[in-house]
Amino acid sequence: MNRHNNIATHATVACRAVTVAWQDEEWDALFVSTQQRALVRTRRRRRLRQGAGALALLLLMAGGALTWRSRLAPEVSQPLAVSSSEDHLLRFSDGSTVTMLAPGTVVSPISVNDEQTHLQLVKGAARFVVTPRALPHFRVQAHAVDVEVLGTVFELEREGDLTHVRVEEGLVLVRWPGGAAEVASGQAGWFPPVAPAAAPAEVPARAPATNAQPRSQADWRRLAHKQEFSAAWDVLERERQQVKDEPGDLLLAADAARLGGRPTKAVPYLHRVVKRHPRDARAPAAAFTLGRLYLDTLASPRKAAEAFAEAYRLAPQGPLAEDAAYRQVEALVRSDDLTAATNMLKVYARKHPDGARLQRLEKLLRARRPSP
Amino acid sequence: MEPTGRLRLVRPGEPATGPRALPPLPVIYERYCRYVASIAARLLGREDEVRDVVQDVFVAAMEHMRDLERADSIKAWLGTITVNKATSRLRRRKVRQLFGLDTSVYIPPTRPASPEQSAYLARIYQELDRLPVSHRVAWTLRYVEEEPLEEVARLCGCSLAAAKRRIAAAQAAIRHLETEDPPRATEGKA
């Protein structure tokens, strides 16, 4: 092999090591922004076509020979991704609407045309009012769950890998890998079901109703351990049952609230673990979960920063330390406390200089700094 | 009835079977986004531009997906779009360099790298930045992406002879790196 090939070999080996190391959330966020950009381009081309059509119409009216016909496309009155705490409403040309219910909710189009409206609930919660038609035409995908409707009013909320489905009117068909179920008016549930009793069935079965009879005190814990969180929280809240002031019970109650569709109710339980049981091995995880709740679900970045700081303080050498530091910087940036974010970034950089996420944080901070 | 020469999108949950069944877009993205990003990263050498290229590629994919003739060529088709988009970026970077507007942000490899390795990579990419874009792209596709010469010619939109000339010219231009001992890698060959 001659010397030129040697150089090419050394350089190529070095260059082959170049790649990207983004987290899953960054890949997801990039997909969302890509869909938004595609939608903006589609709408811009539609406006150009409509503008051209209006011009053609004018020419025709003025005696021109041009004719042009535009295909009707669903009207989208608002951006699909929302970042503020205001409710946002999407309206389609057939009268169907989508209302964002929580700050940070992101709904993205998969395909929208005259025959079918196919959306994706990326995160958060939304209410769907779908105009009835003869054939299924409205679908919403939420992680592994696919909801197909004929004409109905329903709500979806994503929580990690689970999706909560609540139907006000009509009927929806919920599919997930290996199973399906019909959810009728007045019913709700978490999907995919995780309890052994909810194994996939060939024939779609009715989802369990949430208006169950009162249960005994032991039952909320048993339901939560079976991961029937929605039912567990219903029992706990309706019967005002006691939660013991010990980390295991508090964390179980927090899970029942959080995964049972009431994330705000989980906050006091997580706070109690952190404040009253700081030496418990689970306290750092409770603080971290609290931070995630504040940042990702409740849109309170300042409180999230405090919670992540606490998670870091409780276990600076623990398995969550780097993540807690990273998310604390992120939360400080999002709360516009750039001075504190810069200081915390220095701490992160000292402790994790080789972290691929360091560049991400630096970029995040640069983007928020006002331009000179 | 399905139009001739067009693919139909498969509904989520429905198995994608047969040569004319195209997976849903989120599945395509999940399957190929890292592949697209890796090619873009090695062509561009800068993380800030990789995101934009990945976005450009999948926006183009969304707009033209249904024109694919065969679903099993999605990867090659995405690769072609990636090379085109990255080449456009490199050309714009050249123009910015002419006006002194280009800021260099180097992308580190994900493997544990010594400072010497990082510096060596930075020098390589600085040298590549000096090359004509067509030479740089051809060299990268041939030696880094290990594409056959015919494929390099196709992706570069030139003849086989032209592809060979461009690759040889790029190799000659980075010859002076021979005077340095390349740093030892901390892991095995890529």
# chains A, B, ... in the order shown; residues from 1 in each chain; ligands from 1
call {"tool": "closest_atom_pairs", "arguments": {"of": "chain A", "to": "chain B", "cutoff": "6 Å", "atoms": "only C-alpha atoms", "output": "tab-separated table"}}
result
residue	atom	partner	partner_atom	distance
A:Ile7	CA	B:Glu178	CA	5.9
A:Thr12	CA	B:Val144	CA	5.1
A:Arg16	CA	B:Val144	CA	5.7
A:Ala17	CA	B:Pro109	CA	5.3
A:Val18	CA	B:Pro109	CA	4.3
A:Thr19	CA	B:Ser38	CA	4.9
A:Thr34	CA	B:Gln55	CA	5.3
A:Ala38	CA	B:Val59	CA	5.5
call {"tool": "write_last_selection", "arguments": {"atoms": "N, CA, C and O atoms", "output": "PDB file, in the first residue's frame"}}
result
ATOM      1  N   ILE A   7      -2.268   7.641   4.023  1.00  0.00           N
ATOM      2  CA  ILE A   7      -2.875   8.870   4.525  1.00  0.00           C
ATOM      3  C   ILE A   7      -4.386   8.776   4.410  1.00  0.00           C
ATOM      4  O   ILE A   7      -5.111   9.133   5.316  1.00  0.00           O
ATOM      5  N   THR A  12      -9.426   8.489   6.719  1.00  0.00           N
ATOM      6  CA  THR A  12     -10.762   7.900   6.608  1.00  0.00           C
ATOM      7  C   THR A  12     -11.164   7.210   7.898  1.00  0.00           C
ATOM      8  O   THR A  12     -12.318   7.301   8.320  1.00  0.00           O
ATOM      9  N   ARG A  16     -14.462   8.292   9.850  1.00  0.00           N
ATOM     10  CA  ARG A  16     -15.556   7.335  10.062  1.00  0.00           C
ATOM     11  C   ARG A  16     -16.051   7.355  11.491  1.00  0.00           C
ATOM     12  O   ARG A  16     -17.147   6.873  11.775  1.00  0.00           O
ATOM     13  N   ALA A  17     -15.242   7.903  12.408  1.00  0.00           N
ATOM     14  CA  ALA A  17     -15.673   7.989  13.808  1.00  0.00           C
ATOM     15  C   ALA A  17     -16.667   9.125  14.021  1.00  0.00           C
ATOM     16  O   ALA A  17     -17.286   9.217  15.082  1.00  0.00           O
ATOM     17  N   VAL A  18     -16.815   9.987  13.037  1.00  0.00           N
ATOM     18  CA  VAL A  18     -17.709  11.137  13.190  1.00  0.00           C
ATOM     19  C   VAL A  18     -19.152  10.680  13.050  1.00  0.00           C
ATOM     20  O   VAL A  18     -19.538  10.068  12.065  1.00  0.00           O
ATOM     21  N   THR A  19     -19.936  10.986  14.040  1.00  0.00           N
ATOM     22  CA  THR A  19     -21.355  10.692  13.969  1.00  0.00           C
ATOM     23  C   THR A  19     -22.058  11.591  14.977  1.00  0.00           C
ATOM     24  O   THR A  19     -21.429  12.423  15.613  1.00  0.00           O
ATOM     25  N   THR A  34     -39.642  18.968  11.851  1.00  0.00           N
ATOM     26  CA  THR A  34     -39.646  18.645  10.421  1.00  0.00           C
ATOM     27  C   THR A  34     -41.067  18.616   9.884  1.00  0.00           C
ATOM     28  O   THR A  34     -41.354  19.152   8.812  1.00  0.00           O
ATOM     29  N   ALA A  38     -42.734  21.044   7.053  1.00  0.00           N
ATOM     30  CA  ALA A  38     -43.408  20.518   5.857  1.00  0.00           C
ATOM     31  C   ALA A  38     -44.813  21.091   5.753  1.00  0.00           C
ATOM     32  O   ALA A  38     -45.285  21.437   4.667  1.00  0.00           O
TER      33      ALA A  38
END
call {"tool": "residues_around", "arguments": {"residues": "Ala281 of chain A", "least_positions_apart": "6", "cutoff": "12 Å", "atoms": "only C-alpha atoms", "output": "ChimeraX atom specification"}}
result
/A:247-248,273-274,287,311,314-315,318-320
call {"tool": "write_last_selection", "arguments": {"atoms": "C-alpha atoms", "output": "short mmCIF file (atom, residue, chain, number, x, y, z; two decimals), in the first residue's frame"}}
result
data_model
loop_
_atom_site.label_atom_id
_atom_site.label_comp_id
_atom_site.auth_asym_id
_atom_site.auth_seq_id
_atom_site.Cartn_x
_atom_site.Cartn_y
_atom_site.Cartn_z
CA PRO A 247 -41.71 6.82 51.04
CA GLY A 248 -43.18 3.61 49.62
CA VAL A 273 -40.78 12.22 50.08
CA VAL A 274 -38.09 14.80 49.33
CA ALA A 287 -37.04 14.86 43.28
CA ALA A 311 -32.15 15.65 43.11
CA LEU A 314 -29.33 14.51 47.48
CA ALA A 315 -27.09 12.23 45.39
CA GLY A 318 -25.75 8.83 42.12
CA PRO A 319 -27.00 7.39 38.83
CA LEU A 320 -29.32 10.36 38.23
#
call {"tool": "atom_distance", "arguments": {"atom1": "atom CA of Leu250 of chain A", "atom2": "atom CA of Ala286 of chain A"}}
result
9.7 Å
call {"tool": "select_by_dssp", "arguments": {"residues": "segment 103-293 of chain A", "states": "alpha helix (DSSP H)", "output": "PyMOL selection string"}}
result
chain A and resi 218-225+229-238+247-259+263-276+283-292
call {"tool": "residues_around", "arguments": {"residues": "Val98 of chain A", "least_positions_apart": "6", "cutoff": "9 Å", "atoms": "only C-alpha atoms", "output": "list in words"}}
result
His88, Leu89, Leu90, Arg91, Phe92, Val107, Ala126, Arg127, Phe128, Val129 and Val130 of chain A
call {"tool": "closest_residue", "arguments": {"among": "A:Glu26, A:Glu306, A:Asp146, A:Glu159", "to": "Arg262 of chain A", "atoms": "only C-alpha atoms"}}
result
A:Glu159
call {"tool": "residues_around", "arguments": {"residues": "Ala153 of chain B", "least_positions_apart": "3", "cutoff": "12 Å", "atoms": "only C-alpha atoms", "output": "list in words"}}
result
Thr80, Ser134, His135, Val137, Ala138, Trp139, Leu141, Arg142, Glu147, Pro148, Leu149, Glu150, Cys156, Gly157, Cys158, Ser159, Leu160, Ala161, Ala162, Ala163, Lys164, Arg165, Arg166 and Ile167 of chain B
call {"tool": "residues_around", "arguments": {"residues": "Val153 of chain A", "least_positions_apart": "2", "cutoff": "10 Å", "atoms": "only C-alpha atoms", "output": "NGL selection string"}}
result
:A and (96-98 or 127-131 or 149 or 151 or 155 or 166-172 or 185)
call {"tool": "write_last_selection", "arguments": {"atoms": "all heavy atoms", "output": "short mmCIF file (atom, residue, chain, number, x, y, z; two decimals), in the first residue's frame"}}
result
data_model
loop_
_atom_site.label_atom_id
_atom_site.label_comp_id
_atom_site.auth_asym_id
_atom_site.auth_seq_id
_atom_site.Cartn_x
_atom_site.Cartn_y
_atom_site.Cartn_z
N SER A 96 -64.46 19.32 12.29
CA SER A 96 -63.75 18.66 13.38
C SER A 96 -62.77 19.65 14.02
O SER A 96 -62.23 20.52 13.34
CB SER A 96 -62.98 17.44 12.86
OG SER A 96 -63.85 16.51 12.27
N THR A 97 -62.57 19.51 15.33
CA THR A 97 -61.65 20.42 16.04
C THR A 97 -60.74 19.63 16.96
O THR A 97 -61.07 18.52 17.41
CB THR A 97 -62.42 21.45 16.88
OG1 THR A 97 -63.23 20.75 17.84
CG2 THR A 97 -63.30 22.33 16.01
N VAL A 98 -59.60 20.23 17.25
CA VAL A 98 -58.65 19.69 18.22
C VAL A 98 -58.29 20.83 19.17
O VAL A 98 -57.86 21.89 18.71
CB VAL A 98 -57.38 19.15 17.55
CG1 VAL A 98 -56.42 18.59 18.61
CG2 VAL A 98 -57.70 18.09 16.52
N ARG A 127 -58.18 17.52 23.26
CA ARG A 127 -59.57 17.09 23.15
C ARG A 127 -59.96 17.14 21.67
O ARG A 127 -59.74 18.14 21.00
CB ARG A 127 -60.46 18.05 23.95
CG ARG A 127 -61.92 17.67 24.01
CD ARG A 127 -62.62 18.50 25.11
NE ARG A 127 -63.99 18.08 25.31
CZ ARG A 127 -65.03 18.62 24.68
NH1 ARG A 127 -64.85 19.58 23.81
NH2 ARG A 127 -66.26 18.19 24.91
N PHE A 128 -60.56 16.06 21.21
CA PHE A 128 -60.89 15.92 19.79
C PHE A 128 -62.41 15.88 19.65
O PHE A 128 -63.08 15.05 20.29
CB PHE A 128 -60.28 14.63 19.22
CG PHE A 128 -58.78 14.57 19.37
CD1 PHE A 128 -58.18 14.17 20.54
CD2 PHE A 128 -57.97 14.94 18.29
CE1 PHE A 128 -56.80 14.13 20.66
CE2 PHE A 128 -56.59 14.89 18.41
CZ PHE A 128 -56.00 14.49 19.60
N VAL A 129 -62.96 16.76 18.81
CA VAL A 129 -64.38 16.72 18.48
C VAL A 129 -64.45 16.42 16.99
O VAL A 129 -64.05 17.25 16.16
CB VAL A 129 -65.06 18.06 18.79
CG1 VAL A 129 -66.52 18.02 18.39
CG2 VAL A 129 -64.91 18.40 20.27
N VAL A 130 -64.94 15.24 16.66
CA VAL A 130 -64.84 14.76 15.29
C VAL A 130 -66.23 14.69 14.68
O VAL A 130 -67.14 14.07 15.23
CB VAL A 130 -64.19 13.36 15.26
CG1 VAL A 130 -64.09 12.86 13.83
CG2 VAL A 130 -62.80 13.43 15.90
N THR A 131 -66.38 15.33 13.51
CA THR A 131 -67.66 15.31 12.81
C THR A 131 -67.95 13.90 12.31
O THR A 131 -67.08 13.28 11.68
CB THR A 131 -67.59 16.28 11.61
OG1 THR A 131 -67.31 17.58 12.14
CG2 THR A 131 -68.89 16.30 10.86
N VAL A 149 -61.74 6.84 14.94
CA VAL A 149 -63.08 7.26 15.33
C VAL A 149 -63.99 7.38 14.13
O VAL A 149 -63.55 7.61 13.00
CB VAL A 149 -63.04 8.63 16.06
CG1 VAL A 149 -62.16 8.55 17.28
CG2 VAL A 149 -62.54 9.71 15.14
N GLY A 151 -67.15 9.26 14.71
CA GLY A 151 -67.67 10.60 14.98
C GLY A 151 -67.91 10.65 16.47
O GLY A 151 -68.70 9.90 17.01
N GLU A 155 -60.85 12.57 24.60
CA GLU A 155 -59.61 13.22 25.03
C GLU A 155 -58.50 12.18 25.10
O GLU A 155 -58.73 11.04 25.48
CB GLU A 155 -59.77 13.86 26.43
CG GLU A 155 -60.67 15.08 26.44
CD GLU A 155 -60.81 15.69 27.82
OE1 GLU A 155 -60.13 15.22 28.75
OE2 GLU A 155 -61.61 16.62 27.96
N ARG A 166 -60.18 8.98 27.04
CA ARG A 166 -61.45 9.23 27.73
C ARG A 166 -62.46 9.67 26.68
O ARG A 166 -62.21 10.63 25.95
CB ARG A 166 -61.27 10.31 28.78
CG ARG A 166 -62.49 10.53 29.68
CD ARG A 166 -62.16 11.54 30.79
NE ARG A 166 -62.26 12.90 30.28
CZ ARG A 166 -63.39 13.58 30.20
NH1 ARG A 166 -64.53 13.02 30.58
NH2 ARG A 166 -63.39 14.82 29.74
N VAL A 167 -63.61 8.98 26.63
CA VAL A 167 -64.60 9.26 25.58
C VAL A 167 -65.80 9.94 26.21
O VAL A 167 -66.37 9.44 27.17
CB VAL A 167 -65.02 7.97 24.86
CG1 VAL A 167 -66.07 8.28 23.80
CG2 VAL A 167 -63.81 7.30 24.23
N GLU A 168 -66.16 11.11 25.65
CA GLU A 168 -67.35 11.80 26.14
C GLU A 168 -68.59 11.36 25.38
O GLU A 168 -69.65 11.14 25.95
CB GLU A 168 -67.19 13.31 25.97
CG GLU A 168 -66.23 13.94 26.94
CD GLU A 168 -66.19 15.46 26.78
OE1 GLU A 168 -67.17 16.03 26.26
OE2 GLU A 168 -65.18 16.07 27.16
N GLU A 169 -68.44 11.30 24.05
CA GLU A 169 -69.59 10.90 23.22
C GLU A 169 -69.10 9.94 22.16
O GLU A 169 -67.97 10.06 21.69
CB GLU A 169 -70.19 12.12 22.50
CG GLU A 169 -70.77 13.17 23.38
CD GLU A 169 -71.24 14.38 22.57
OE1 GLU A 169 -71.38 14.26 21.34
OE2 GLU A 169 -71.43 15.45 23.18
N GLY A 170 -69.97 9.04 21.77
CA GLY A 170 -69.67 8.15 20.66
C GLY A 170 -68.78 6.99 21.06
O GLY A 170 -68.78 6.55 22.21
N LEU A 171 -68.03 6.52 20.08
CA LEU A 171 -67.26 5.29 20.27
C LEU A 171 -65.93 5.45 19.55
O LEU A 171 -65.89 5.99 18.45
CB LEU A 171 -68.04 4.11 19.66
CG LEU A 171 -67.44 2.72 19.78
CD1 LEU A 171 -67.54 2.24 21.22
CD2 LEU A 171 -68.17 1.76 18.86
N VAL A 172 -64.86 5.01 20.19
CA VAL A 172 -63.57 4.98 19.51
C VAL A 172 -63.02 3.57 19.56
O VAL A 172 -63.33 2.81 20.47
CB VAL A 172 -62.54 5.97 20.14
CG1 VAL A 172 -63.08 7.36 20.18
CG2 VAL A 172 -62.07 5.51 21.49
N SER A 185 -68.83 5.89 25.20
CA SER A 185 -69.15 7.13 25.88
C SER A 185 -69.16 6.91 27.40
O SER A 185 -69.74 5.97 27.91
CB SER A 185 -70.52 7.61 25.41
OG SER A 185 -70.94 8.71 26.14
#
call {"tool": "residues_around", "arguments": {"residues": "Phe308 of chain A", "least_positions_apart": "6", "cutoff": "7 Å", "atoms": "only C-alpha atoms", "output": "list in words"}}
result
Ala287, Phe288, Gly291, Ala324, Ala325, Arg327 and Gln328 of chain A
call {"tool": "atom_distance", "arguments": {"atom1": "atom CA of Arg41 of chain A", "atom2": "atom CA of Arg89 of chain B"}}
result
19.6 Å
call {"tool": "atom_distance", "arguments": {"atom1": "atom CA of Pro278 of chain A", "atom2": "atom CA of Leu295 of chain A"}}
result
21.5 Å
